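Okay, data-v3.txt is below, compact mmCIF, C-alpha atoms:
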# COMPACT_ATOMS: atom_id res chain seq x y z
CA MET P 123 28.15 -131.07 17.08
CA GLY P 124 24.45 -130.19 17.17
CA GLU P 125 21.42 -131.40 15.29
CA TRP P 126 20.76 -131.11 11.59
CA GLU P 127 18.06 -128.64 10.59
CA ILE P 128 16.13 -129.35 7.39
CA ARG P 129 14.12 -126.53 5.89
CA PRO P 130 13.03 -125.06 2.56
CA LEU P 131 15.59 -123.10 0.55
CA ARG P 132 15.54 -119.33 1.22
CA ALA P 133 16.92 -116.39 -0.73
CA SER P 134 19.38 -115.84 2.12
CA ASP P 135 20.93 -119.25 1.29
CA THR P 136 22.25 -118.03 -2.07
CA ALA P 137 25.85 -117.43 -0.96
CA GLY P 138 26.08 -120.74 0.91
CA LEU P 139 24.49 -122.60 -1.99
CA HIS P 140 26.88 -121.01 -4.49
CA THR P 141 29.81 -122.10 -2.29
CA LEU P 142 28.39 -125.65 -2.04
CA LEU P 143 27.86 -125.94 -5.79
CA HIS P 144 31.40 -124.70 -6.46
CA HIS P 145 33.10 -127.33 -4.33
CA PRO P 146 35.44 -129.26 -6.68
CA ALA P 147 33.84 -132.62 -5.81
CA ILE P 148 30.36 -131.30 -6.63
CA ILE P 149 31.50 -129.61 -9.84
CA ALA P 150 33.09 -132.92 -10.90
CA SER P 151 29.87 -134.90 -10.32
CA THR P 152 27.23 -132.53 -11.73
CA SER P 153 26.53 -130.71 -14.96
CA TYR P 154 27.47 -127.39 -13.32
CA LEU P 155 30.48 -125.68 -14.83
CA PRO P 156 33.27 -124.16 -12.72
CA SER P 157 32.51 -120.88 -14.51
CA ARG P 158 28.98 -120.65 -13.06
CA GLU P 159 28.57 -117.11 -11.79
CA PHE P 160 26.96 -116.04 -8.54
CA GLY P 161 24.17 -114.31 -10.47
CA GLU P 162 23.19 -117.63 -12.09
CA THR P 163 22.86 -119.23 -8.67
CA ALA P 164 20.86 -116.24 -7.39
CA ASN P 165 18.52 -116.45 -10.40
CA TRP P 166 17.99 -120.18 -9.83
CA VAL P 167 17.13 -119.58 -6.16
CA GLN P 168 14.60 -116.89 -7.14
CA ASP P 169 13.13 -118.82 -10.10
CA HIS P 170 11.18 -121.52 -8.27
CA LYS P 171 9.62 -124.01 -10.68
CA ALA P 172 6.22 -125.67 -10.19
CA GLY P 173 6.58 -129.19 -8.82
CA GLN P 174 10.10 -128.64 -7.50
CA HIS P 175 10.65 -128.92 -3.76
CA ARG P 176 14.01 -127.55 -2.58
CA LEU P 177 15.25 -128.38 0.90
CA VAL P 178 18.55 -127.61 2.58
CA VAL P 179 20.27 -129.14 5.57
CA GLU P 180 22.33 -127.01 7.89
CA ARG P 181 23.96 -127.15 11.28
CA GLY P 182 25.09 -124.12 13.20
CA GLY P 183 24.17 -121.87 10.28
CA GLU P 184 26.45 -123.79 7.88
CA LEU P 185 24.78 -125.09 4.71
CA ALA P 186 25.77 -128.75 4.33
CA GLY P 187 23.55 -129.92 1.49
CA LEU P 188 20.58 -129.51 -0.79
CA VAL P 189 17.98 -131.96 -2.06
CA LEU P 190 15.55 -131.37 -4.90
CA VAL P 191 12.40 -133.42 -5.27
CA THR P 192 11.08 -132.69 -8.74
CA GLU P 193 7.62 -133.96 -9.58
CA PHE P 194 6.96 -134.96 -13.18
CA LEU P 195 4.15 -132.71 -14.40
CA ASN P 196 3.06 -134.84 -17.36
CA PRO P 197 -0.37 -136.27 -16.37
CA ARG P 198 0.73 -139.82 -17.14
CA LEU P 199 3.91 -139.45 -15.05
CA ARG P 200 2.55 -137.55 -12.06
CA HIS P 201 3.14 -140.59 -9.86
CA THR P 202 6.89 -140.11 -10.44
CA ALA P 203 9.44 -137.70 -9.01
CA GLU P 204 13.21 -137.39 -9.28
CA ILE P 205 15.63 -136.63 -6.48
CA THR P 206 18.79 -134.59 -6.98
CA LEU P 207 21.13 -134.64 -3.99
CA PHE P 208 24.09 -132.34 -3.22
CA VAL P 209 26.10 -132.94 -0.04
CA HIS P 210 29.26 -131.07 0.91
CA PRO P 211 32.05 -133.68 1.23
CA ASP P 212 32.95 -132.41 4.72
CA TYR P 213 29.51 -133.53 5.97
CA MET P 214 29.05 -136.85 4.15
CA ALA P 215 30.33 -138.98 7.03
CA GLU P 216 28.24 -136.98 9.50
CA GLY P 217 24.87 -138.03 8.10
CA ALA P 218 23.82 -134.91 6.18
CA GLY P 219 23.05 -136.93 3.04
CA ALA P 220 21.09 -139.56 4.94
CA VAL P 221 18.95 -136.89 6.63
CA LEU P 222 18.28 -135.14 3.31
CA LEU P 223 17.40 -138.37 1.51
CA GLU P 224 15.14 -139.55 4.35
CA THR P 225 13.33 -136.20 4.28
CA ALA P 226 12.91 -136.35 0.50
CA VAL P 227 11.49 -139.89 0.67
CA SER P 228 9.09 -138.89 3.44
CA LEU P 229 7.92 -135.86 1.45
CA ALA P 230 7.32 -138.03 -1.62
CA ASP P 231 5.56 -140.84 0.27
CA ASN P 232 3.49 -138.90 2.77
CA TRP P 233 2.70 -135.57 1.15
CA LEU P 234 3.09 -135.77 -2.61
CA ASN P 235 1.56 -139.22 -3.20
CA ILE P 236 4.56 -140.26 -5.30
CA SER P 237 4.74 -143.99 -5.96
CA ARG P 238 7.94 -143.98 -8.06
CA LEU P 239 10.95 -142.03 -6.85
CA GLU P 240 14.09 -141.92 -9.03
CA ILE P 241 17.69 -140.83 -8.52
CA LYS P 242 20.65 -141.03 -10.91
CA PRO P 243 23.99 -141.11 -9.08
CA LEU P 244 27.19 -141.39 -11.04
CA ALA P 245 28.36 -144.99 -11.37
CA ASN P 246 31.57 -144.17 -9.48
CA ASP P 247 29.74 -142.40 -6.59
CA GLU P 248 29.80 -145.21 -4.03
CA TYR P 249 28.64 -142.90 -1.22
CA THR P 250 25.37 -141.94 -2.92
CA ILE P 251 24.70 -145.42 -4.31
CA GLU P 252 25.07 -146.97 -0.84
CA LEU P 253 22.97 -144.21 0.74
CA CYS P 254 20.20 -144.84 -1.80
CA GLN P 255 20.30 -148.60 -1.37
CA LYS P 256 19.88 -148.17 2.40
CA ALA P 257 16.79 -146.04 1.66
CA GLY P 258 15.23 -148.78 -0.50
CA PHE P 259 16.35 -147.66 -3.96
CA VAL P 260 17.36 -150.40 -6.39
CA PRO P 261 19.47 -150.09 -9.55
CA GLU P 262 17.48 -150.36 -12.76
CA GLY P 263 20.12 -149.66 -15.37
CA LYS P 264 23.20 -147.75 -16.41
CA ARG P 265 23.45 -144.81 -18.79
CA HIS P 266 26.81 -144.60 -20.53
CA LYS P 267 28.76 -141.40 -21.19
CA VAL P 268 26.06 -139.23 -19.65
CA LEU P 269 28.34 -136.56 -18.18
CA PHE P 270 31.60 -135.05 -19.40
CA SER P 271 33.75 -134.03 -16.43
CA ASN P 272 37.45 -133.36 -15.96
CA GLY P 273 38.22 -134.47 -19.52
CA ARG P 274 36.40 -137.80 -19.44
CA TYR P 275 32.93 -139.26 -19.82
CA LEU P 276 31.12 -140.68 -16.81
CA ASP P 277 28.24 -143.16 -16.53
CA ASP P 278 25.33 -142.95 -14.13
CA ILE P 279 23.03 -145.50 -12.55
CA ILE P 280 19.25 -145.17 -12.73
CA MET P 281 17.90 -146.13 -9.30
CA ALA P 282 14.27 -146.19 -8.21
CA ARG P 283 12.22 -146.74 -5.10
CA LEU P 284 8.61 -147.84 -5.49
CA HIS P 285 6.11 -146.93 -2.81
CA ASN P 286 3.17 -149.34 -2.89
CA THR P 287 0.11 -147.18 -2.33
CA GLN P 288 -2.13 -150.27 -2.38
CA ALA P 289 -0.37 -151.46 0.78
CA LEU P 290 -1.22 -148.34 2.81
CA PRO P 291 -3.37 -149.03 5.90
CA GLY P 292 -7.05 -148.39 5.28
CA ASN P 293 -6.76 -148.47 1.49
CA LYS P 294 -9.54 -150.76 0.23
CA THR P 295 -8.84 -150.13 -3.45
CA PRO P 296 -7.80 -153.36 -5.14
CA ALA P 297 -4.71 -153.37 -7.29
CA PRO P 298 -5.51 -152.94 -11.00
CA PRO P 299 -5.45 -156.10 -13.11
CA PRO P 300 -2.32 -156.71 -15.19
CA LEU P 301 -2.38 -155.51 -18.75
CA PRO P 302 -2.76 -158.16 -21.46
Would you encode the structure as structure tokens?
Amino acid sequence: MGEWEIRPLRASDTAGLHTLLHHPAIIASTSYLPSREFGETANWVQDHKAGQHRLVVERGGELAGLVLVTEFLNPRLRHTAEITLFVHPDYMAEGAGAVLLETAVSLADNWLNISRLEIKPLANDEYTIELCQKAGFVPEGKRHKVLFSNGRYLDDIIMARLHNTQALPGNKTPAPPPLP
């Protein structure tokens, strides 16, 4: 089968990404519309936003998934980032999602100094919820009727993973006192 390769998104990925985002299962679980045109995908690939890290996973030249790690740019929220995960259904059982999520968590913990990492899978997306729980994410709440898809409203689950920077080896900074 070969090894997964994780790398930053490139302009040459546009066609594969457009195909991934137009898979019926991905259309049904995201805010993307089936009418999204190739040019919109191409513009998104070219229009890189500050604080957004875009990584793809591929094997044998086939794009299997995409993960976005989006840092919050507000000064009071800079310790927080949100993950958005897209995995082609054909590669879910083969570990593509696990590799992408592990890479996103490592990026957040070891390079971006993110102490709060969030993800919002749909409440009926057992695959992603289980994947996130294995990576240390815990459910914090449910948002009702957050997405309209295939003629019905869907809920999502807010999940978060806290990375305790006070617990890092060599860090002598005491934890701040609790607020009154």
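Taking atom CA of His210 of chain P and atom CA of Ala186 of chain P as endpoints, the distance between them is 5.4 Å.
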From P:Val227, P:Ile280, P:Asn246, P:His201, residue lying nearest Gly258 of chain P [all atoms listed in the file]: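 With all atoms listed in the file as the atom set, the closest residue is P:Val227.
Residue nearest Arg176 of chain P, chosen from P:Leu239, P:Ile148, P:Ala230, P:Val189 and counting only C-alpha atoms: P:Val189.
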Point-to-point distance in Å for atom CA of Phe208 of chain P and atom CA of Gly187 of chain P: 5.3 Å
Point-to-point distance in Å for atom CA of Tyr249 of chain P and atom CA of Leu284 of chain P: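 That distance, rounded to one decimal, is 21.1 Å.
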Among the residues P:Val179, P:Val268, P:Val191, P:Ser237, the one that comes closest to Gly219 of chain P [using only C-alpha atoms]: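 Result for the nearest residue to Gly219 of chain P: P:Val179.
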Residue contacts of Lys256 of chain P (12 Å, all atoms listed in the file) excluding same-chain residues fewer than 3 positions away, as a ChimeraX atom specification: /P:219-220,223-224,227,249-253,259-260,283
Selection to disk with C-alpha atoms, as a PDB file, in the coordinates of the input:
ATOM      1  CA  GLY P 219      23.050-136.930   3.040  1.00  0.00           C
ATOM      2  CA  ALA P 220      21.090-139.560   4.940  1.00  0.00           C
ATOM      3  CA  LEU P 223      17.400-138.370   1.510  1.00  0.00           C
ATOM      4  CA  GLU P 224      15.140-139.550   4.350  1.00  0.00           C
ATOM      5  CA  VAL P 227      11.490-139.890   0.670  1.00  0.00           C
ATOM      6  CA  TYR P 249      28.640-142.900  -1.220  1.00  0.00           C
ATOM      7  CA  THR P 250      25.370-141.940  -2.920  1.00  0.00           C
ATOM      8  CA  ILE P 251      24.700-145.420  -4.310  1.00  0.00           C
ATOM      9  CA  GLU P 252      25.070-146.970  -0.840  1.00  0.00           C
ATOM     10  CA  LEU P 253      22.970-144.210   0.740  1.00  0.00           C
ATOM     11  CA  PHE P 259      16.350-147.660  -3.960  1.00  0.00           C
ATOM     12  CA  VAL P 260      17.360-150.400  -6.390  1.00  0.00           C
ATOM     13  CA  ARG P 283      12.220-146.740  -5.100  1.00  0.00           C
TER      14      ARG P 283
END
Spatial neighbours of Lys171 of chain P, max dist 12 Å, only C-alpha atoms, sep filter under 6 positions, as a list in words: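 My reading of the contact set: Asn165, Leu190, Val191, Thr192, Glu193, Phe194 and Leu195 of chain P.
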File of the preceding selection, C-alpha atoms, as a PDB file, keeping the file's coordinate frame:
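To be explicit, this is the file written out as again37.pdb:
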ATOM      1  CA  ASN P 165      18.520-116.450 -10.400  1.00  0.00           C
ATOM      2  CA  LEU P 190      15.550-131.370  -4.900  1.00  0.00           C
ATOM      3  CA  VAL P 191      12.400-133.420  -5.270  1.00  0.00           C
ATOM      4  CA  THR P 192      11.080-132.690  -8.740  1.00  0.00           C
ATOM      5  CA  GLU P 193       7.620-133.960  -9.580  1.00  0.00           C
ATOM      6  CA  PHE P 194       6.960-134.960 -13.180  1.00  0.00           C
ATOM      7  CA  LEU P 195       4.150-132.710 -14.400  1.00  0.00           C
TER       8      LEU P 195
END
Residue with smallest distance to Gly124 of chain P - pool P:Pro197, P:Ile205, P:Gly217, P:Ser153, counting all atoms listed in the file: P:Gly217
Given all atoms listed in the file as the counted atoms, nearest of P:His145, P:Arg181, P:His140, P:Arg200 to Trp166 of chain P: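 Of P:His145, P:Arg181, P:His140, P:Arg200, the one nearest Trp166 of chain P is P:His140, counting all atoms listed in the file.
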Which of P:Glu159, P:Tyr213, P:Ala257, P:Leu199 sits closest to Ile236 of chain P [using all atoms listed in the file]: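 So, comparing all the options, the nearest one is P:Leu199.
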